[in-house]
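Okay, my_file-v2.cif now, which holds mmCIF, C-alpha atoms:
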```cif
data_model
loop_
_atom_site.group_PDB
_atom_site.id
_atom_site.type_symbol
_atom_site.label_atom_id
_atom_site.label_comp_id
_atom_site.auth_asym_id
_atom_site.auth_seq_id
_atom_site.Cartn_x
_atom_site.Cartn_y
_atom_site.Cartn_z
ATOM 1 C CA MET A 1 53.586 102.166 25.929
ATOM 2 C CA MET A 2 53.490 105.961 26.378
ATOM 3 C CA LYS A 3 53.028 106.461 22.612
ATOM 4 C CA LYS A 4 49.968 104.186 22.648
ATOM 5 C CA LEU A 5 48.501 106.012 25.629
ATOM 6 C CA THR A 6 49.087 109.362 23.950
ATOM 7 C CA ALA A 7 47.335 108.056 20.848
ATOM 8 C CA LEU A 8 44.364 106.970 22.964
ATOM 9 C CA LEU A 9 44.140 110.386 24.572
ATOM 10 C CA LEU A 10 44.293 112.111 21.175
ATOM 11 C CA THR A 11 41.681 109.734 19.786
ATOM 12 C CA GLY A 12 39.370 110.561 22.717
ATOM 13 C CA ALA A 13 39.886 114.247 22.170
ATOM 14 C CA LEU A 14 39.285 113.899 18.436
ATOM 15 C CA ALA A 15 36.093 111.983 19.077
ATOM 16 C CA ILE A 16 34.828 114.805 21.259
ATOM 17 C CA SER A 17 35.734 117.354 18.593
ATOM 18 C CA VAL A 18 34.017 115.439 15.777
ATOM 19 C CA LEU A 19 30.891 114.702 17.748
ATOM 20 C CA THR A 20 30.637 118.271 18.923
ATOM 21 C CA GLY A 21 30.876 119.420 15.298
ATOM 22 C CA CYS A 22 27.790 117.280 14.536
ATOM 23 C CA GLY A 23 25.735 119.021 17.204
ATOM 24 C CA ASN A 24 23.449 120.645 14.692
ATOM 25 C CA THR A 25 22.110 117.280 13.401
ATOM 26 C CA THR A 26 21.534 115.431 16.734
ATOM 27 C CA ASP A 27 19.391 116.160 19.717
ATOM 28 C CA ASP A 28 20.839 117.276 23.061
ATOM 29 C CA THR A 29 20.371 113.861 24.707
ATOM 30 C CA LYS A 30 22.409 112.062 22.053
ATOM 31 C CA ASP A 31 25.070 114.785 22.216
ATOM 32 C CA GLN A 32 25.429 114.307 25.976
ATOM 33 C CA ALA A 33 25.634 110.504 25.724
ATOM 34 C CA VAL A 34 28.346 110.640 23.107
ATOM 35 C CA THR A 35 30.268 113.262 25.076
ATOM 36 C CA ASP A 36 30.063 111.106 28.246
ATOM 37 C CA ALA A 37 31.337 108.088 26.337
ATOM 38 C CA ALA A 38 34.285 110.045 25.006
ATOM 39 C CA THR A 39 35.070 111.382 28.489
ATOM 40 C CA ASP A 40 34.990 107.849 29.913
ATOM 41 C CA ALA A 41 37.430 106.722 27.235
ATOM 42 C CA THR A 42 39.751 109.573 28.126
ATOM 43 C CA ASP A 43 39.548 108.747 31.878
ATOM 44 C CA GLU A 44 40.325 105.097 31.204
ATOM 45 C CA ALA A 45 43.342 106.111 29.167
ATOM 46 C CA ALA A 46 44.540 108.374 32.004
ATOM 47 C CA ASP A 47 44.060 105.555 34.567
ATOM 48 C CA ALA A 48 46.059 103.230 32.357
ATOM 49 C CA ALA A 49 48.817 105.828 32.192
ATOM 50 C CA ASP A 50 48.863 106.104 36.015
ATOM 51 C CA ALA A 51 49.044 102.323 36.374
ATOM 52 C CA SER A 52 51.899 102.212 33.891
ATOM 53 C CA ASP A 53 53.787 104.906 35.802
ATOM 54 C CA ALA A 54 53.268 103.047 39.101
ATOM 55 C CA ALA A 55 54.567 99.808 37.609
ATOM 56 C CA THR A 56 57.566 101.645 36.213
ATOM 57 C CA ASP A 57 58.294 103.245 39.620
ATOM 58 C CA GLU A 58 58.038 99.881 41.391
ATOM 59 C CA ALA A 59 60.374 98.258 38.893
ATOM 60 C CA THR A 60 62.814 101.144 39.288
ATOM 61 C CA ASP A 61 62.753 100.841 43.111
ATOM 62 C CA GLU A 62 63.401 97.096 42.943
ATOM 63 C CA ALA A 63 66.262 97.605 40.552
ATOM 64 C CA THR A 64 67.725 100.298 42.814
ATOM 65 C CA ASP A 65 67.502 98.007 45.873
ATOM 66 C CA GLU A 66 69.167 95.173 44.013
ATOM 67 C CA ALA A 67 71.905 97.475 42.823
ATOM 68 C CA SER A 68 72.421 98.733 46.392
ATOM 69 C CA ASP A 69 72.726 95.191 47.727
ATOM 70 C CA ALA A 70 75.182 94.312 44.998
ATOM 71 C CA ALA A 71 77.205 97.418 45.841
ATOM 72 C CA VAL A 72 78.073 95.992 49.330
ATOM 73 C CA GLU A 73 81.197 94.037 48.618
ATOM 74 C CA SER A 74 81.366 90.711 50.471
ATOM 75 C CA LYS A 75 84.426 90.763 52.713
ATOM 76 C CA GLY A 76 84.008 87.328 54.250
ATOM 77 C CA THR A 77 82.652 85.533 57.315
ATOM 78 C CA ILE A 78 83.521 86.103 60.981
ATOM 79 C CA THR A 79 82.903 83.083 63.234
ATOM 80 C CA VAL A 80 82.467 83.733 66.946
ATOM 81 C CA ALA A 81 81.935 81.315 69.851
ATOM 82 C CA ALA A 82 79.865 82.905 72.627
ATOM 83 C CA SER A 83 77.896 82.409 75.814
ATOM 84 C CA ALA A 84 74.158 82.709 75.263
ATOM 85 C CA THR A 85 73.411 85.730 77.461
ATOM 86 C CA PRO A 86 74.287 88.500 76.966
ATOM 87 C CA HIS A 87 77.154 87.800 74.562
ATOM 88 C CA ALA A 88 75.288 86.041 71.752
ATOM 89 C CA GLU A 89 72.424 88.540 72.052
ATOM 90 C CA ILE A 90 74.805 91.456 71.640
ATOM 91 C CA LEU A 91 76.459 89.755 68.673
ATOM 92 C CA GLU A 92 73.071 89.199 67.018
ATOM 93 C CA GLU A 93 72.419 92.931 67.317
ATOM 94 C CA ALA A 94 75.759 93.584 65.629
ATOM 95 C CA LYS A 95 74.996 91.302 62.660
ATOM 96 C CA PRO A 96 73.078 93.785 60.467
ATOM 97 C CA ILE A 97 75.621 96.530 61.109
ATOM 98 C CA LEU A 98 78.453 94.255 60.031
ATOM 99 C CA ALA A 99 76.396 93.087 57.048
ATOM 100 C CA GLU A 100 76.188 96.694 55.848
ATOM 101 C CA GLN A 101 79.987 96.652 55.816
ATOM 102 C CA GLY A 102 80.127 93.380 53.891
ATOM 103 C CA TRP A 103 80.823 91.007 56.807
ATOM 104 C CA ASP A 104 78.764 87.887 57.517
ATOM 105 C CA LEU A 105 78.784 87.218 61.275
ATOM 106 C CA GLU A 106 78.183 83.612 62.379
ATOM 107 C CA VAL A 107 77.553 83.081 66.094
ATOM 108 C CA THR A 108 77.664 79.697 67.846
ATOM 109 C CA VAL A 109 76.502 79.392 71.454
ATOM 110 C CA PHE A 110 78.511 77.320 73.953
ATOM 111 C CA ASP A 111 77.377 76.341 77.459
ATOM 112 C CA ASP A 112 80.808 75.980 79.047
ATOM 113 C CA TYR A 113 83.974 78.028 79.556
ATOM 114 C CA VAL A 114 86.489 75.621 77.996
ATOM 115 C CA GLN A 115 85.418 74.755 74.454
ATOM 116 C CA PRO A 116 85.078 78.387 73.267
ATOM 117 C CA ASN A 117 88.794 78.883 73.940
ATOM 118 C CA LEU A 118 89.867 75.571 72.445
ATOM 119 C CA VAL A 119 88.030 76.173 69.148
ATOM 120 C CA VAL A 120 89.688 79.582 68.774
ATOM 121 C CA GLU A 121 93.101 78.145 69.590
ATOM 122 C CA SER A 122 92.587 75.424 66.954
ATOM 123 C CA GLY A 123 91.555 77.965 64.324
ATOM 124 C CA GLU A 124 88.055 76.527 63.958
ATOM 125 C CA PHE A 125 86.616 79.891 65.082
ATOM 126 C CA ASP A 126 87.957 83.401 64.549
ATOM 127 C CA ALA A 127 87.117 84.695 68.002
ATOM 128 C CA ASN A 128 85.140 84.142 71.163
ATOM 129 C CA TYR A 129 83.131 86.438 73.399
ATOM 130 C CA PHE A 130 82.355 85.126 76.878
ATOM 131 C CA GLN A 131 85.247 85.747 79.265
ATOM 132 C CA HIS A 132 87.106 88.374 81.229
ATOM 133 C CA ILE A 133 90.863 88.953 81.192
ATOM 134 C CA PRO A 134 91.772 87.150 84.463
ATOM 135 C CA TYR A 135 90.078 83.982 83.223
ATOM 136 C CA LEU A 136 91.754 84.344 79.822
ATOM 137 C CA ASP A 137 95.177 84.712 81.426
ATOM 138 C CA GLU A 138 94.586 81.769 83.730
ATOM 139 C CA PHE A 139 93.375 79.576 80.868
ATOM 140 C CA ASN A 140 96.462 80.361 78.800
ATOM 141 C CA ALA A 141 98.726 79.518 81.747
ATOM 142 C CA GLU A 142 96.998 76.231 82.489
ATOM 143 C CA GLN A 143 96.274 75.044 78.943
ATOM 144 C CA GLY A 144 99.277 76.415 77.067
ATOM 145 C CA THR A 145 97.014 78.298 74.649
ATOM 146 C CA HIS A 146 97.933 81.531 72.885
ATOM 147 C CA LEU A 147 94.824 83.689 73.177
ATOM 148 C CA VAL A 148 94.870 87.459 73.465
ATOM 149 C CA ASN A 149 92.456 90.275 74.176
ATOM 150 C CA ALA A 150 91.368 92.011 70.956
ATOM 151 C CA GLY A 151 89.076 94.514 72.696
ATOM 152 C CA GLY A 152 87.084 95.034 75.895
ATOM 153 C CA ILE A 153 83.339 95.216 75.239
ATOM 154 C CA HIS A 154 81.378 95.158 78.503
ATOM 155 C CA TYR A 155 81.453 94.122 82.131
ATOM 156 C CA GLU A 156 78.804 92.467 84.262
ATOM 157 C CA PRO A 157 78.514 93.369 87.934
ATOM 158 C CA PHE A 158 78.747 90.282 90.171
ATOM 159 C CA GLY A 159 75.779 90.040 92.512
ATOM 160 C CA ILE A 160 74.339 88.253 95.530
ATOM 161 C CA TYR A 161 70.808 87.027 94.755
ATOM 162 C CA PRO A 162 68.033 85.641 96.948
ATOM 163 C CA GLY A 163 67.502 81.924 97.335
ATOM 164 C CA THR A 164 65.313 80.804 100.203
ATOM 165 C CA LYS A 165 66.067 84.119 101.961
ATOM 166 C CA SER A 166 65.831 87.673 100.694
ATOM 167 C CA SER A 167 67.996 89.648 103.140
ATOM 168 C CA LEU A 168 71.497 89.104 104.466
ATOM 169 C CA ASP A 169 70.164 90.209 107.842
ATOM 170 C CA ASP A 170 68.273 86.907 107.942
ATOM 171 C CA LEU A 171 71.408 84.821 107.468
ATOM 172 C CA ALA A 172 71.424 82.070 110.099
ATOM 173 C CA ASP A 173 74.062 79.744 111.489
ATOM 174 C CA GLY A 174 74.863 77.012 108.967
ATOM 175 C CA ASP A 175 73.072 78.579 105.990
ATOM 176 C CA VAL A 176 74.362 77.614 102.545
ATOM 177 C CA ILE A 177 75.525 80.084 99.896
ATOM 178 C CA ALA A 178 76.299 78.812 96.371
ATOM 179 C CA VAL A 179 79.210 80.286 94.402
ATOM 180 C CA PRO A 180 80.978 79.454 91.103
ATOM 181 C CA ASN A 181 83.890 77.026 91.490
ATOM 182 C CA ASP A 182 86.284 78.328 88.812
ATOM 183 C CA THR A 183 89.162 80.169 90.418
ATOM 184 C CA THR A 184 88.633 83.753 89.289
ATOM 185 C CA ASN A 185 84.845 83.771 89.661
ATOM 186 C CA GLU A 186 84.983 82.083 93.057
ATOM 187 C CA ALA A 187 87.402 84.739 94.278
ATOM 188 C CA ARG A 188 85.122 87.457 92.971
ATOM 189 C CA ALA A 189 82.146 85.912 94.776
ATOM 190 C CA LEU A 190 84.076 85.606 98.034
ATOM 191 C CA LEU A 191 85.291 89.204 97.803
ATOM 192 C CA LEU A 192 81.703 90.355 97.358
ATOM 193 C CA LEU A 193 80.592 88.303 100.373
ATOM 194 C CA GLU A 194 83.445 89.847 102.363
ATOM 195 C CA ALA A 195 82.429 93.359 101.251
ATOM 196 C CA ASN A 196 78.970 92.671 102.664
ATOM 197 C CA GLY A 197 80.117 91.341 106.037
ATOM 198 C CA VAL A 198 79.375 87.654 105.536
ATOM 199 C CA ILE A 199 82.988 86.427 105.779
ATOM 200 C CA THR A 200 86.507 87.789 106.154
ATOM 201 C CA LEU A 201 89.340 86.644 103.921
ATOM 202 C CA LYS A 202 93.019 86.318 104.757
ATOM 203 C CA ASP A 203 95.144 89.335 103.953
ATOM 204 C CA GLY A 204 96.353 89.299 100.368
ATOM 205 C CA ALA A 205 93.937 86.605 99.175
ATOM 206 C CA GLY A 206 92.615 88.957 96.519
ATOM 207 C CA LEU A 207 91.693 87.655 93.079
ATOM 208 C CA THR A 208 92.952 84.151 93.780
ATOM 209 C CA ALA A 209 90.908 83.607 96.949
ATOM 210 C CA THR A 210 89.271 80.236 97.605
ATOM 211 C CA VAL A 211 87.278 78.859 100.524
ATOM 212 C CA ASN A 212 90.604 77.942 102.105
ATOM 213 C CA ASP A 213 91.332 81.672 102.428
ATOM 214 C CA ILE A 214 88.343 82.368 104.662
ATOM 215 C CA ALA A 215 89.754 83.712 107.934
ATOM 216 C CA GLU A 216 86.499 84.487 109.727
ATOM 217 C CA ASN A 217 83.031 83.004 109.244
ATOM 218 C CA PRO A 218 80.878 84.213 112.164
ATOM 219 C CA LYS A 219 77.694 82.531 110.887
ATOM 220 C CA ASN A 220 79.451 79.273 109.999
ATOM 221 C CA VAL A 221 78.093 79.713 106.477
ATOM 222 C CA GLU A 222 78.665 76.767 104.157
ATOM 223 C CA ILE A 223 80.094 77.913 100.850
ATOM 224 C CA LYS A 224 78.824 75.487 98.186
ATOM 225 C CA GLU A 225 81.123 75.480 95.150
ATOM 226 C CA LEU A 226 79.412 74.617 91.853
ATOM 227 C CA GLU A 227 80.164 74.869 88.147
ATOM 228 C CA ALA A 228 79.130 78.400 87.144
ATOM 229 C CA ALA A 229 76.156 77.332 85.027
ATOM 230 C CA GLN A 230 74.737 75.279 87.909
ATOM 231 C CA VAL A 231 74.719 77.961 90.606
ATOM 232 C CA SER A 232 71.442 79.629 89.627
ATOM 233 C CA ARG A 233 69.715 76.239 89.400
ATOM 234 C CA VAL A 234 70.003 75.624 93.148
ATOM 235 C CA LYS A 235 68.525 78.974 94.185
ATOM 236 C CA ASP A 236 65.493 77.216 95.704
ATOM 237 C CA GLU A 237 67.740 74.984 97.815
ATOM 238 C CA VAL A 238 70.192 77.482 99.342
ATOM 239 C CA ALA A 239 69.906 80.741 101.244
ATOM 240 C CA PHE A 240 71.675 82.841 98.580
ATOM 241 C CA VAL A 241 73.474 82.470 95.261
ATOM 242 C CA VAL A 242 76.362 84.588 94.036
ATOM 243 C CA LEU A 243 76.297 84.944 90.258
ATOM 244 C CA ASN A 244 78.196 86.545 87.429
ATOM 245 C CA GLY A 245 76.015 88.691 85.213
ATOM 246 C CA ASN A 246 75.282 86.389 82.274
ATOM 247 C CA TYR A 247 74.073 83.524 84.441
ATOM 248 C CA ALA A 248 72.013 85.919 86.537
ATOM 249 C CA LEU A 249 70.285 87.068 83.360
ATOM 250 C CA GLN A 250 69.666 83.491 82.247
ATOM 251 C CA ALA A 251 68.064 82.814 85.631
ATOM 252 C CA GLY A 252 65.739 85.775 85.121
ATOM 253 C CA PHE A 253 67.422 88.043 87.681
ATOM 254 C CA SER A 254 67.923 91.779 87.231
ATOM 255 C CA VAL A 255 70.936 93.360 88.921
ATOM 256 C CA ALA A 256 69.026 96.583 89.466
ATOM 257 C CA LYS A 257 65.836 94.971 90.783
ATOM 258 C CA ASP A 258 66.740 91.596 92.303
ATOM 259 C CA SER A 259 70.284 91.651 93.642
ATOM 260 C CA ILE A 260 70.815 92.050 97.351
ATOM 261 C CA ALA A 261 74.263 93.516 96.709
ATOM 262 C CA TYR A 262 76.477 93.910 93.650
ATOM 263 C CA GLU A 263 79.788 95.336 92.466
ATOM 264 C CA THR A 264 79.457 99.021 91.746
ATOM 265 C CA SER A 265 80.518 100.319 88.353
ATOM 266 C CA ASP A 266 83.530 102.147 89.768
ATOM 267 C CA SER A 267 84.860 99.153 91.682
ATOM 268 C CA GLU A 268 88.234 97.725 90.752
ATOM 269 C CA ALA A 269 86.687 94.269 90.421
ATOM 270 C CA ALA A 270 84.154 95.418 87.825
ATOM 271 C CA LYS A 271 86.892 97.049 85.778
ATOM 272 C CA THR A 272 89.170 94.030 86.117
ATOM 273 C CA TYR A 273 86.539 91.657 84.830
ATOM 274 C CA VAL A 274 85.689 93.393 81.564
ATOM 275 C CA ASN A 275 84.465 90.850 78.983
ATOM 276 C CA VAL A 276 86.598 90.776 75.862
ATOM 277 C CA ILE A 277 86.782 89.547 72.303
ATOM 278 C CA ALA A 278 89.509 86.899 72.456
ATOM 279 C CA VAL A 279 91.451 85.693 69.410
ATOM 280 C CA LYS A 280 94.513 83.607 68.735
ATOM 281 C CA GLU A 281 97.672 85.679 69.032
ATOM 282 C CA GLY A 282 98.520 87.301 65.710
ATOM 283 C CA ASN A 283 94.908 87.728 64.585
ATOM 284 C CA GLU A 284 94.006 90.708 66.756
ATOM 285 C CA ASN A 285 94.764 93.221 63.992
ATOM 286 C CA SER A 286 93.052 91.416 61.128
ATOM 287 C CA ASP A 287 90.430 93.378 59.204
ATOM 288 C CA ALA A 288 87.682 91.008 60.354
ATOM 289 C CA ILE A 289 88.477 91.301 64.050
ATOM 290 C CA LYS A 290 88.966 95.066 63.908
ATOM 291 C CA ALA A 291 85.583 95.416 62.201
ATOM 292 C CA LEU A 292 83.938 93.185 64.813
ATOM 293 C CA VAL A 293 85.399 95.092 67.762
ATOM 294 C CA ASP A 294 84.613 98.497 66.246
ATOM 295 C CA VAL A 295 80.952 97.561 65.778
ATOM 296 C CA LEU A 296 80.652 96.074 69.281
ATOM 297 C CA LYS A 297 82.032 99.327 70.711
ATOM 298 C CA SER A 298 79.817 101.521 68.510
ATOM 299 C CA ASP A 299 77.186 103.894 69.890
ATOM 300 C CA GLU A 300 74.419 101.696 68.446
ATOM 301 C CA ILE A 301 75.556 98.638 70.402
ATOM 302 C CA LYS A 302 76.188 100.650 73.564
ATOM 303 C CA GLN A 303 72.626 101.957 73.373
ATOM 304 C CA PHE A 304 71.296 98.435 72.835
ATOM 305 C CA ILE A 305 73.177 97.175 75.915
ATOM 306 C CA ASN A 306 71.959 100.017 78.108
ATOM 307 C CA ASP A 307 68.351 99.670 76.976
ATOM 308 C CA LYS A 308 68.135 95.883 77.196
ATOM 309 C CA TYR A 309 70.015 94.930 80.350
ATOM 310 C CA ASP A 310 69.057 97.602 82.866
ATOM 311 C CA GLY A 311 72.491 97.847 84.473
ATOM 312 C CA ALA A 312 73.243 94.129 84.498
ATOM 313 C CA VAL A 313 75.574 94.653 81.547
ATOM 314 C CA ILE A 314 77.530 97.871 81.126
ATOM 315 C CA PRO A 315 79.489 98.991 78.043
ATOM 316 C CA PHE A 316 83.218 99.180 78.737
ATOM 317 C CA GLU A 317 84.831 102.578 78.229
ATOM 318 C CA GLU A 318 88.621 102.527 77.855
#
```

Now that the file is in, can you turn its structure into structure tokens?
Amino acid sequence: MMKKLTALLLTGALAISVLTGCGNTTDDTKDQAVTDAATDATDEAADAADASDAATDEATDEATDEASDAAVESKGTITVAASATPHAEILEEAKPILAEQGWDLEVTVFDDYVQPNLVVESGEFDANYFQHIPYLDEFNAEQGTHLVNAGGIHYEPFGIYPGTKSSLDDLADGDVIAVPNDTTNEARALLLLEANGVITLKDGAGLTATVNDIAENPKNVEIKELEAAQVSRVKDEVAFVVLNGNYALQAGFSVAKDSIAYETSDSEAAKTYVNVIAVKEGNENSDAIKALVDVLKSDEIKQFINDKYDGAVIPFEE
């Protein structure tokens, strides 16, 4: 192609030279017309050369991109069962980073707290991301599963949120407060209510507290125990709801803006309830799981969490 273009340019130049040499036998007008025609031919040849170069550059760029993609060796697929918010959202943010390392991350959303553990125990999924360590330990004890913590990723401050009332000062005799009914989350909710003067628990109740451990209830508050996913749905029917972070987010609440009270970042409860990547025992040191945990604890993911969740989700620092 370049040889043909060079020939065109030389032909244009030669035409100018020949026609100029005939200047003595033609008038000035004809000389100018012929010169213009030769110049146009030269310009067209130059434009064609530019177009050819552009096409060559584009083809080179495409080839380079394809070669770059091919250079990322495929290492396999990582399957993770997760709660929708924020877990699945965080995992989606991690996908392109893992892809750059050769890992294909597949995320499946579950709406309950049982199936994500069972599918990891069975080997159907590599890992799950939805639970804190106390729940994991309790599940293993009750179900006979063999799940372990492969890495702490974030924690979500538990909060008290408005229902039909917006201040605990307005709490009246017989008001209803909704809390999660699973053991560890119910205890966390009750401890938060105790910290804010609503109830008093028996000494030593701690992280296993239930409504049966309420020692004092000056307002005769009714504690309504519901499955965790249902608590936020009754917010228009009860005075207050006490929610863990992911369900608060799903309900459209912001810890920073909407909660009446919440666990502070330096509280023992917040640190105890760090959300982890859970795997079947023996898989915690596999290349896939180590890559997943490393990415989820990377600066890029930490920044994403801080920017997106406004304090409702906080990266865990070991």

Give me the residues within 12 Å of Thr208 of chain A as JSON, numbers by chain, counting only C-alpha atoms and dropping any in the same chain fewer than 6 places off.
{"A": [134, 135, 138, 181, 182, 183, 184, 185, 186, 187, 188, 189, 190, 191, 201, 202, 214]}

Would you write out, as a VMD selection string, every residue that the PyMOL selection byres ((chain A and resi 120) around 12) captures in this file?
chain A and resid 78 to 82 114 to 119 121 to 129 145 to 148 277 to 281 283

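The shortest atom-to-atom distance to Leu136 of chain A, with all atoms listed in the file taken into account, belongs to A:Asn275 out of A:Gln303, A:Glu227, A:Ala312, A:Asn275.
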
Nearest to Phe240 of chain A: which of A:Asp175, A:Asp203, A:Asp310, A:Glu318 is it, counting only C-alpha atoms?
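Looking only at the distances to Phe240 of chain A, the closest residue turns out to be A:Asp175.
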
Kindly give the distance, in Å, that separates atom CA of Ile289 of chain A and atom CA of Leu249 of chain A, rounded to a single decimal.
26.9 Å

Output of the PyMOL selection byres ((chain A and resi 309) around 12), listed as a PyMOL selection string
chain A and resi 85-87+89-90+154-157+245-246+248-250+252-257+301-308+310-315
